[in-house]
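Below you'll find the structure, written out as structure tokens, and then a few comments.
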Protein chains: 4
Amino acid sequence: MSADIAALLQTIADEAIALTDRGAVADYIPALANVPPRQFGIAVATVDGALHRAGSADQAFSIQSISKLFALTLALQREGDDLWQRVGREPSGTPFNSLVLLERESGVPRNPFVNAGALVITDVLCHRYLQPERAVLEFVHRLLSRTSVAIDPQVARSERLHSDRNAAIAHFMRSFGNLRQEVAAILDAYCAQCAIAMSCAELARAALFLAADGVQPGAARVLQAADARRINALMLTCGAYDAAGDFAFRIGLPTKTGVGGGILAIVPGRMSICAWSPRLDATGNSIAAAAAIERFAATTGLSIFR
Amino acid sequence: MSADIAALLQTIADEAIALTDRGAVADYIPALANVPPRQFGIAVATVDGALHRAGSADQAFSIQSISKLFALTLALQREGDDLWQRVGREPSGTPFNSLVLLERESGVPRNPFVNAGALVITDVLCHRYLQPERAVLEFVHRLLSRTSVAIDPQVARSERLHSDRNAAIAHFMRSFGNLRQEVAAILDAYCAQCAIAMSCAELARAALFLAADGVQPGAARVLQAADARRINALMLTCGAYDAAGDFAFRIGLPTKTGVGGGILAIVPGRMSICAWSPRLDATGNSIAAAAAIERFAATTGLSIFR
Amino acid sequence: MSADIAALLQTIADEAIALTDRGAVADYIPALANVPPRQFGIAVATVDGALHRAGSADQAFSIQSISKLFALTLALQREGDDLWQRVGREPSGTPFNSLVLLERESGVPRNPFVNAGALVITDVLCHRYLQPERAVLEFVHRLLSRTSVAIDPQVARSERLHSDRNAAIAHFMRSFGNLRQEVAAILDAYCAQCAIAMSCAELARAALFLAADGVQPGAARVLQAADARRINALMLTCGAYDAAGDFAFRIGLPTKTGVGGGILAIVPGRMSICAWSPRLDATGNSIAAAAAIERFAATTGLSIFR
Amino acid sequence: MSADIAALLQTIADEAIALTDRGAVADYIPALANVPPRQFGIAVATVDGALHRAGSADQAFSIQSISKLFALTLALQREGDDLWQRVGREPSGTPFNSLVLLERESGVPRNPFVNAGALVITDVLCHRYLQPERAVLEFVHRLLSRTSVAIDPQVARSERLHSDRNAAIAHFMRSFGNLRQEVAAILDAYCAQCAIAMSCAELARAALFLAADGVQPGAARVLQAADARRINALMLTCGAYDAAGDFAFRIGLPTKTGVGGGILAIVPGRMSICAWSPRLDATGNSIAAAAAIERFAATTGLSIFR
């Protein structure tokens, strides 16, 4: 199987590069807009400790919304089920809806992966930690058993300068009492967390506990098995912005995507997969990375829907 | 395992009856409002042909939205992937959103399980069949290899008399050109299809092809394996009205619910489960049936998220 | 003054024809789409009995939404203030909003001039009259003291064949219990009423009671003075679709517009003005007719805002 | 007439006090919540220089949104018609809509009297003045030819501490590029401007230019006549939050209301009226003040709709 995976990843990487001319790099901040677009990487980490890679699997990129996965896990560790009083577990549809629903649902965001929900998670971490972005980063370090991962300060700063939309959402929730810390502090932490830079290989390894019943292979228990299962469920229903349903339909695996072009997918009980390529489709998901993971799932027959 | 399942179902049925005093029976039509509420049934059909049951597993009830599963499968058989030009695959959030999104998305419903989407499916069947509700019923007969299932004419009539909301949605889509037949004919067929009466045992058996890679055990292929997988994905992301995310989180299996109190769940590769109890929570899902399936999944460890 | 008005209308008509190449004729039904676009007419009826006209002031056109004024007046005569239990008096913003607000406000439309509100008025007339469109037409005949005005059957039929959007709104309100008659009957009457054909001269004369404290000059009292005042207020805040605020700002007079290209304006205590030209702007209001009335108001200094 | 007005105001004041037990004082900030509720004042300033008053007409109260009138006038003086590129002239319906429409209309608020629009006006003033709230205050001083009016610092501070909702709106517009200054500076100025304290007599006098073709009686021209007319039109269509349509219907005069309980009304060519009483209805408008102005208009027959 290991040989098969390695060969398959190589084939996928060879083909994926052809897709890197489609779509557009995220351009709302210069630091992302300037990433050379024609890159592709993929890595697979298995629960028995193997790590396969192809393409630019060791090239660090901005993980952006994939960081929501680590922040959520950390907040769950600290708050337990109380967290679900302040954030829901339902898909929200379009970003437009997200705001309308926030009004109808009195400032409680639909799920922890929309920006509103991630800001609530950051608010929780701001309450628990003096430097919440460091806490997320150090959590990633523990998951990887190494401290090489860092926040890209230029991306963080640039993100913060363009955070009016998130500031609007944060103040809106705060007007309902569902954010408790100062908005400026929350945005500082949130933008820094999104600016963590990691490679496909690092991301696949760091998220492996989600494929392994909550235990990081070779390390400690991260979450109860039930909570790992629940995060996988949230990834499936809400992990790919407004294309979550389509990803479930096409790929059939829990995924979390980021506008840096990364996509992380979990095969429960088996492995985690991370693919990356900077150019995005209209829903903000990487075209080549999504195609690569779809291809991987189809070829291996690894789908949670059988 | 068989003995275990039988015993577990009995325990669940014994306990579930205590939950039947919570929630409220659907009351928008008298035919549903008058169902005696303190009933519970559960059945499990396995891909190797076993059928287990407990409680009122052979009591027929109105399958309501669970019929959307059969209608969708039939439409897919006839139309293939062209169907996805006219209906999406994304969760829609609240019913309120559903209407707002219909406007924003030019009359293309978010998925085949919201009412708007089911009406598009019925429109397709109206184009293909003179009596589309008979076509759905006969499809169910083929799945069961028996013709004992029927449409409850009183429920169908009552439903039709209270179909203003669905008529609004249908005319709205028709104004965008996404319904082609006459609205009255579509509503006749739709209300009749929702009024199919089946028992837990029948529903579990009829839907077994979704757990068996698209082949109805002991009978013919119904769908390609890929399409069965896709329907399971749609059930997971969109099958439980605005509680789909919560069902994925709590239960971890593809489900389809109906306001008649039935809930169907699929364990891909293994079995299908149907529980029923008339009283609903605020999202329109049966309280006792959801609790029963959650309990079944938790006890057996059967979750697609591991 | 009379000579002045006559001269001014002629100047306006001469200039307006140059504007008739801008905008687009309503094209949702062939009967409207085929109207020759480069026409313009204007007429002014004063409370002391004078009638001035210029351009094609005697050319009949489809009055469309201007009919809502006559239907509302007739319904008010019959129902009195009870009517305001079923329809509001607030502007609604865009058509999109209109539907969203209908949901939030439990099926009570924002005002009698949005389509939803006009359908409630028609529902009231359907309850009072066997042939509500005849009742509206005969009311117009009484206002004009002549029976020459008629419904254009081709427009009415064509309108009815393209009434899915209005059917959606009607069924939606009916699901809240705010329509009581059959939707089909309401739409028949509504489409027929919109298809009344009148000229600028006829419209200016027919609506003169709104400028004359509720008494039709030379004829009977139509409404109490307070109700005439209130209809003028509704025209100002809600009479020009989603451009009502802009019309108030630019023109400063109560107006009611129709997609047939007609615009009726009231100068309380003084006169009524009707201009017509088929081509519309993006808000559905006639470009040349609006410009003509704006010019008339600016030149004469007739504004209710001084 | 002067004697009549004086007598009428006294009668209205005597009766209005009975209405002061209905509704609720604005309670979102303590500084407003603590105002003794059973107070009522009314003043009328005529274009020929008379000033009539009854009740607590000289008691200063927080003018709140009535300040938007002065800010808009000042911004118009400075920017001219360019201002209308950044703010619309249409009613917006409910506050809920206001946000939804802001999204649909790319950050351009519907009109200068919704909070979003007022924040754009403040942004303009922030660009023009180092201390925009002083500029508004000094403009009021010029209108009154006296410098006795002041900003209540306690109200301003309290308002600023509870400005999350306005901060959300401001950041949202800024994300569309329709705010240019820093949000914090805009909110400081906006909250200070809302905290101006004035009496009924002062407000009636200060706004008299709107009744006098843009010239402040006894002083200089403030606006062109056409702009005064336009502001009256905006007051009529948008001046009373989501009750503007109802105010036009009931009262028939341009009004601007504030949650401090003040209501200013203009009789073009004749006079300005200001009534005040702290308790509000559900739309945020003073119950006793609205009833008083309605009574005044009905008794005198002063309506712009005749």
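Naming scheme: A, B, ... for chains in displayed order of the structure tokens; residues 1 onward per chain; ligands 1 onward as shown.
Near C:Ala150, within 9 Å and counting only C-alpha atoms, sit Leu137, Ala195, Ile196, Ala197 and Met198 of chain C; same-chain residues fewer than 4 positions away were not included.
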Using every C-alpha atom paired in order, could you least-squares fit chain B onto chain A and give me the moved chain as a compact mmCIF listing (two decimals) with C-alpha atoms, in the first residue's frame?
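In the end it all went to part17.txt:
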```
# COMPACT_ATOMS: atom_id res chain seq x y z
CA MET B 1 0.01 0.02 -0.02
CA SER B 2 2.82 2.42 0.89
CA ALA B 3 4.46 2.01 -2.47
CA ASP B 4 1.09 2.45 -4.13
CA ILE B 5 0.41 5.70 -2.30
CA ALA B 6 3.83 7.09 -3.15
CA ALA B 7 3.35 6.27 -6.81
CA LEU B 8 -0.17 7.66 -6.88
CA LEU B 9 0.91 10.92 -5.27
CA GLN B 10 3.62 11.30 -7.89
CA THR B 11 1.14 10.74 -10.73
CA ILE B 12 -1.26 13.22 -9.16
CA ALA B 13 1.47 15.82 -8.71
CA ASP B 14 2.60 15.39 -12.30
CA GLU B 15 -0.91 15.95 -13.55
CA ALA B 16 -1.93 18.64 -11.09
CA ILE B 17 0.64 21.10 -12.33
CA ALA B 18 -1.40 21.40 -15.55
CA LEU B 19 -4.33 22.71 -13.50
CA THR B 20 -2.32 25.47 -11.86
CA ASP B 21 -3.09 27.92 -14.64
CA ARG B 22 -6.77 28.00 -13.71
CA GLY B 23 -8.39 30.24 -11.09
CA ALA B 24 -6.91 33.20 -9.26
CA VAL B 25 -4.64 33.66 -6.28
CA ALA B 26 -6.31 35.35 -3.26
CA ASP B 27 -5.63 39.03 -3.83
CA TYR B 28 -7.18 40.85 -0.90
CA ILE B 29 -3.75 41.25 0.66
CA PRO B 30 -0.47 41.76 -1.24
CA ALA B 31 1.33 39.12 0.82
CA LEU B 32 -0.94 36.44 -0.63
CA ALA B 33 -1.34 37.99 -4.08
CA ASN B 34 2.40 37.76 -4.68
CA VAL B 35 2.74 34.00 -4.16
CA PRO B 36 4.00 32.38 -7.41
CA PRO B 37 0.87 30.58 -8.58
CA ARG B 38 2.15 27.59 -10.51
CA GLN B 39 3.08 25.46 -7.54
CA PHE B 40 1.62 22.22 -6.27
CA GLY B 41 2.38 19.94 -3.36
CA ILE B 42 0.76 16.96 -1.71
CA ALA B 43 1.51 14.82 1.34
CA VAL B 44 -0.15 11.87 3.04
CA ALA B 45 0.48 10.89 6.67
CA THR B 46 -0.84 7.52 7.77
CA VAL B 47 -1.85 6.53 11.27
CA ASP B 48 0.91 3.91 11.32
CA GLY B 49 3.54 6.59 10.93
CA ALA B 50 4.35 6.71 7.23
CA LEU B 51 4.68 10.02 5.41
CA HIS B 52 4.45 10.24 1.62
CA ARG B 53 4.98 13.37 -0.42
CA ALA B 54 5.12 14.64 -3.95
CA GLY B 55 5.66 18.00 -5.63
CA SER B 56 6.38 20.95 -3.35
CA ALA B 57 5.22 19.09 -0.28
CA ASP B 58 7.80 20.81 1.91
CA GLN B 59 7.15 24.34 0.71
CA ALA B 60 5.58 26.42 3.48
CA PHE B 61 2.45 28.42 2.61
CA SER B 62 -0.06 30.49 4.53
CA ILE B 63 -2.48 28.05 6.15
CA GLN B 64 -5.18 30.72 6.66
CA SER B 65 -8.53 29.10 7.55
CA ILE B 66 -6.96 25.70 8.14
CA SER B 67 -5.71 27.30 11.37
CA LYS B 68 -9.35 27.29 12.53
CA LEU B 69 -8.99 23.55 13.01
CA PHE B 70 -6.15 23.92 15.47
CA ALA B 71 -7.77 26.86 17.26
CA LEU B 72 -11.03 24.94 17.62
CA THR B 73 -9.25 21.86 18.96
CA LEU B 74 -7.35 23.96 21.49
CA ALA B 75 -10.52 25.77 22.59
CA LEU B 76 -12.35 22.45 22.95
CA GLN B 77 -9.53 21.12 25.13
CA ARG B 78 -9.95 24.10 27.41
CA GLU B 79 -13.72 24.69 27.39
CA GLY B 80 -15.25 21.32 26.70
CA ASP B 81 -18.87 21.20 25.60
CA ASP B 82 -19.61 24.64 27.06
CA LEU B 83 -18.12 25.94 23.85
CA TRP B 84 -21.26 24.90 21.96
CA GLN B 85 -23.31 27.46 23.86
CA ARG B 86 -21.58 30.16 21.89
CA VAL B 87 -21.18 28.65 18.44
CA GLY B 88 -23.46 26.37 16.43
CA ARG B 89 -22.86 23.29 14.30
CA GLU B 90 -24.88 24.02 11.20
CA PRO B 91 -23.72 24.97 7.72
CA SER B 92 -24.44 28.59 6.91
CA GLY B 93 -24.64 28.82 3.16
CA THR B 94 -23.08 31.89 1.57
CA PRO B 95 -21.06 34.53 3.42
CA PHE B 96 -24.02 36.81 2.79
CA ASN B 97 -26.24 34.41 4.69
CA SER B 98 -23.77 34.15 7.41
CA LEU B 99 -24.39 37.79 8.30
CA VAL B 100 -28.15 37.59 7.91
CA LEU B 101 -28.24 34.47 10.07
CA LEU B 102 -26.09 36.14 12.70
CA GLU B 103 -28.84 38.72 13.06
CA ARG B 104 -31.61 36.14 13.16
CA GLU B 105 -29.72 33.98 15.59
CA SER B 106 -28.78 36.75 18.02
CA GLY B 107 -25.07 36.79 17.40
CA VAL B 108 -24.44 33.05 17.71
CA PRO B 109 -22.51 32.01 14.60
CA ARG B 110 -23.63 28.94 12.72
CA ASN B 111 -20.39 26.98 13.11
CA PRO B 112 -16.75 27.39 14.17
CA PHE B 113 -15.43 27.49 10.59
CA VAL B 114 -17.24 30.57 9.28
CA ASN B 115 -15.29 33.69 10.17
CA ALA B 116 -17.84 34.68 12.80
CA GLY B 117 -17.43 31.32 14.52
CA ALA B 118 -13.65 31.45 14.33
CA LEU B 119 -13.75 34.88 15.96
CA VAL B 120 -15.75 33.44 18.85
CA ILE B 121 -13.12 30.71 19.20
CA THR B 122 -10.41 33.39 19.24
CA ASP B 123 -12.37 35.30 21.86
CA VAL B 124 -12.32 32.15 24.01
CA LEU B 125 -8.57 31.78 23.51
CA CYS B 126 -8.04 35.48 24.30
CA HIS B 127 -9.74 34.85 27.61
CA ARG B 128 -7.52 31.82 28.32
CA TYR B 129 -4.16 33.03 27.02
CA LEU B 130 -2.25 36.28 27.08
CA GLN B 131 -0.94 35.58 23.58
CA PRO B 132 -3.54 33.38 21.96
CA GLU B 133 -1.76 33.18 18.61
CA ARG B 134 1.32 31.85 20.43
CA ALA B 135 -0.89 29.28 22.14
CA VAL B 136 -2.16 28.06 18.77
CA LEU B 137 1.37 27.99 17.38
CA GLU B 138 2.72 26.09 20.37
CA PHE B 139 -0.13 23.63 20.07
CA VAL B 140 0.97 23.00 16.48
CA HIS B 141 4.55 22.59 17.75
CA ARG B 142 3.39 19.97 20.20
CA LEU B 143 1.45 18.14 17.48
CA LEU B 144 4.59 18.07 15.31
CA SER B 145 7.03 17.53 18.16
CA ARG B 146 9.09 20.32 16.71
CA THR B 147 9.18 24.11 16.88
CA SER B 148 10.07 24.97 13.32
CA VAL B 149 6.63 26.38 12.37
CA ALA B 150 6.22 30.16 12.56
CA ILE B 151 3.78 32.99 11.98
CA ASP B 152 4.62 35.06 8.91
CA PRO B 153 4.63 38.58 10.39
CA GLN B 154 4.19 40.27 7.01
CA VAL B 155 1.07 38.27 6.22
CA ALA B 156 -0.29 38.87 9.74
CA ARG B 157 0.25 42.62 9.44
CA SER B 158 -1.21 42.81 5.96
CA GLU B 159 -4.21 40.74 7.01
CA ARG B 160 -4.78 43.03 9.99
CA LEU B 161 -4.74 46.10 7.76
CA HIS B 162 -7.51 44.57 5.66
CA SER B 163 -9.69 43.25 8.44
CA ASP B 164 -12.66 45.63 8.19
CA ARG B 165 -15.05 42.87 7.25
CA ASN B 166 -13.99 40.72 10.19
CA ALA B 167 -14.10 43.78 12.44
CA ALA B 168 -17.69 44.33 11.33
CA ILE B 169 -18.62 40.76 12.18
CA ALA B 170 -16.82 40.95 15.51
CA HIS B 171 -18.48 44.19 16.61
CA PHE B 172 -21.81 42.83 15.47
CA MET B 173 -21.44 39.72 17.67
CA ARG B 174 -20.14 41.87 20.49
CA SER B 175 -23.32 43.96 20.29
CA PHE B 176 -25.16 40.72 21.14
CA GLY B 177 -22.74 39.96 23.97
CA ASN B 178 -21.23 36.95 22.24
CA LEU B 179 -17.70 38.42 22.16
CA ARG B 180 -16.20 39.45 25.46
CA GLN B 181 -12.68 40.66 24.79
CA GLU B 182 -11.75 43.83 22.94
CA VAL B 183 -12.31 43.53 19.19
CA ALA B 184 -8.84 44.87 18.39
CA ALA B 185 -7.17 42.18 20.51
CA ILE B 186 -9.30 39.45 18.95
CA LEU B 187 -8.46 40.60 15.44
CA ASP B 188 -4.74 40.80 16.26
CA ALA B 189 -4.77 37.20 17.44
CA TYR B 190 -7.01 36.01 14.63
CA CYS B 191 -4.93 37.56 11.86
CA ALA B 192 -1.73 36.22 13.39
CA GLN B 193 -3.15 32.72 13.66
CA CYS B 194 -4.25 32.76 10.01
CA ALA B 195 -0.71 33.78 9.05
CA ILE B 196 0.89 30.58 10.32
CA ALA B 197 3.03 29.13 7.52
CA MET B 198 3.24 25.36 7.13
CA SER B 199 3.98 22.84 4.41
CA CYS B 200 1.72 20.05 3.17
CA ALA B 201 3.88 17.53 5.01
CA GLU B 202 3.62 19.46 8.25
CA LEU B 203 -0.14 19.97 7.97
CA ALA B 204 -0.81 16.32 7.17
CA ARG B 205 1.25 15.28 10.19
CA ALA B 206 -0.19 17.90 12.54
CA ALA B 207 -3.81 16.91 11.86
CA LEU B 208 -3.26 13.17 12.04
CA PHE B 209 -4.96 12.90 15.44
CA LEU B 210 -8.27 13.51 13.65
CA ALA B 211 -7.73 10.29 11.71
CA ALA B 212 -6.56 8.44 14.82
CA ASP B 213 -9.44 8.70 17.27
CA GLY B 214 -8.01 11.81 18.88
CA VAL B 215 -4.54 10.46 19.70
CA GLN B 216 -1.56 12.02 17.92
CA PRO B 217 0.44 8.97 16.71
CA GLY B 218 3.67 8.69 18.64
CA ALA B 219 2.50 11.31 21.09
CA ALA B 220 -0.28 12.09 23.55
CA ARG B 221 -4.05 12.06 23.34
CA VAL B 222 -5.28 15.36 21.94
CA LEU B 223 -9.03 14.90 22.16
CA GLN B 224 -11.50 12.26 23.20
CA ALA B 225 -12.41 9.96 20.30
CA ALA B 226 -15.94 11.39 20.28
CA ASP B 227 -14.63 14.93 19.88
CA ALA B 228 -12.30 13.94 17.04
CA ARG B 229 -15.30 12.36 15.34
CA ARG B 230 -17.32 15.53 15.85
CA ILE B 231 -14.63 17.73 14.36
CA ASN B 232 -14.54 15.44 11.34
CA ALA B 233 -18.31 15.88 11.05
CA LEU B 234 -17.96 19.67 11.22
CA MET B 235 -15.24 19.57 8.56
CA LEU B 236 -17.52 17.60 6.31
CA THR B 237 -20.56 19.85 6.69
CA CYS B 238 -18.79 23.21 7.05
CA GLY B 239 -15.11 22.88 6.14
CA ALA B 240 -15.03 24.20 2.58
CA TYR B 241 -16.81 27.56 2.81
CA ASP B 242 -19.91 27.54 0.61
CA ALA B 243 -18.70 24.47 -1.30
CA ALA B 244 -18.88 22.09 1.64
CA GLY B 245 -21.83 20.22 0.18
CA ASP B 246 -20.10 19.95 -3.16
CA PHE B 247 -16.88 18.69 -1.54
CA ALA B 248 -18.84 16.03 0.37
CA PHE B 249 -20.53 15.05 -2.89
CA ARG B 250 -17.38 14.98 -5.00
CA ILE B 251 -14.69 13.91 -2.52
CA GLY B 252 -16.55 12.24 0.30
CA LEU B 253 -14.04 13.10 3.03
CA PRO B 254 -13.94 15.69 5.82
CA THR B 255 -11.85 18.62 4.58
CA LYS B 256 -10.74 22.04 5.71
CA THR B 257 -9.63 24.54 3.13
CA GLY B 258 -7.82 27.87 3.28
CA VAL B 259 -7.48 30.81 0.90
CA GLY B 260 -3.73 30.26 0.92
CA GLY B 261 -4.56 27.31 -1.38
CA GLY B 262 -4.20 24.49 1.13
CA ILE B 263 -6.73 21.71 1.60
CA LEU B 264 -6.54 19.19 4.41
CA ALA B 265 -8.59 15.98 4.25
CA ILE B 266 -9.10 13.25 6.82
CA VAL B 267 -9.67 9.54 6.15
CA PRO B 268 -10.96 8.44 9.56
CA GLY B 269 -8.94 5.52 10.94
CA ARG B 270 -6.43 5.69 8.12
CA MET B 271 -4.64 8.87 7.15
CA SER B 272 -4.62 12.60 6.63
CA ILE B 273 -3.93 14.23 3.28
CA CYS B 274 -2.82 17.76 2.52
CA ALA B 275 -2.63 19.26 -0.96
CA TRP B 276 -1.71 22.81 -1.88
CA SER B 277 -1.77 25.06 -4.91
CA PRO B 278 -2.36 28.83 -4.71
CA ARG B 279 -5.01 29.47 -7.35
CA LEU B 280 -8.64 29.43 -6.12
CA ASP B 281 -12.08 29.01 -7.63
CA ALA B 282 -14.97 31.39 -6.99
CA THR B 283 -15.78 29.74 -3.66
CA GLY B 284 -12.23 30.38 -2.38
CA ASN B 285 -11.01 26.80 -2.62
CA SER B 286 -7.81 25.72 -4.44
CA ILE B 287 -8.67 24.25 -7.83
CA ALA B 288 -5.64 22.00 -8.25
CA ALA B 289 -5.58 20.88 -4.61
CA ALA B 290 -9.29 19.95 -4.69
CA ALA B 291 -8.83 18.05 -7.94
CA ALA B 292 -5.85 16.22 -6.48
CA ILE B 293 -7.70 15.11 -3.37
CA GLU B 294 -10.76 14.14 -5.41
CA ARG B 295 -8.50 12.07 -7.65
CA PHE B 296 -6.78 10.47 -4.66
CA ALA B 297 -10.10 9.54 -3.04
CA ALA B 298 -11.58 8.19 -6.28
CA THR B 299 -8.51 6.09 -7.11
CA THR B 300 -8.09 4.62 -3.66
CA GLY B 301 -11.83 4.29 -3.05
CA LEU B 302 -11.39 6.04 0.27
CA SER B 303 -14.73 7.71 0.97
CA ILE B 304 -16.63 7.85 4.23
CA PHE B 305 -19.77 7.28 2.16
CA ARG B 306 -18.34 3.98 0.87
```
Those in stretch 65-257 of chain C with helix (DSSP H, G or I) from DSSP, as an NGL selection string: :C and (65-85 or 95-104 or 115-128 or 132-144 or 153-161 or 164-175 or 183-194 or 200-206 or 208-210 or 225-238 or 241-250)
Run DSSP on the backbone and grab whatever in stretch 64-219 of chain B lands in strand (DSSP E); send it over as a ChimeraX atom specification. /B:150-151,196-198
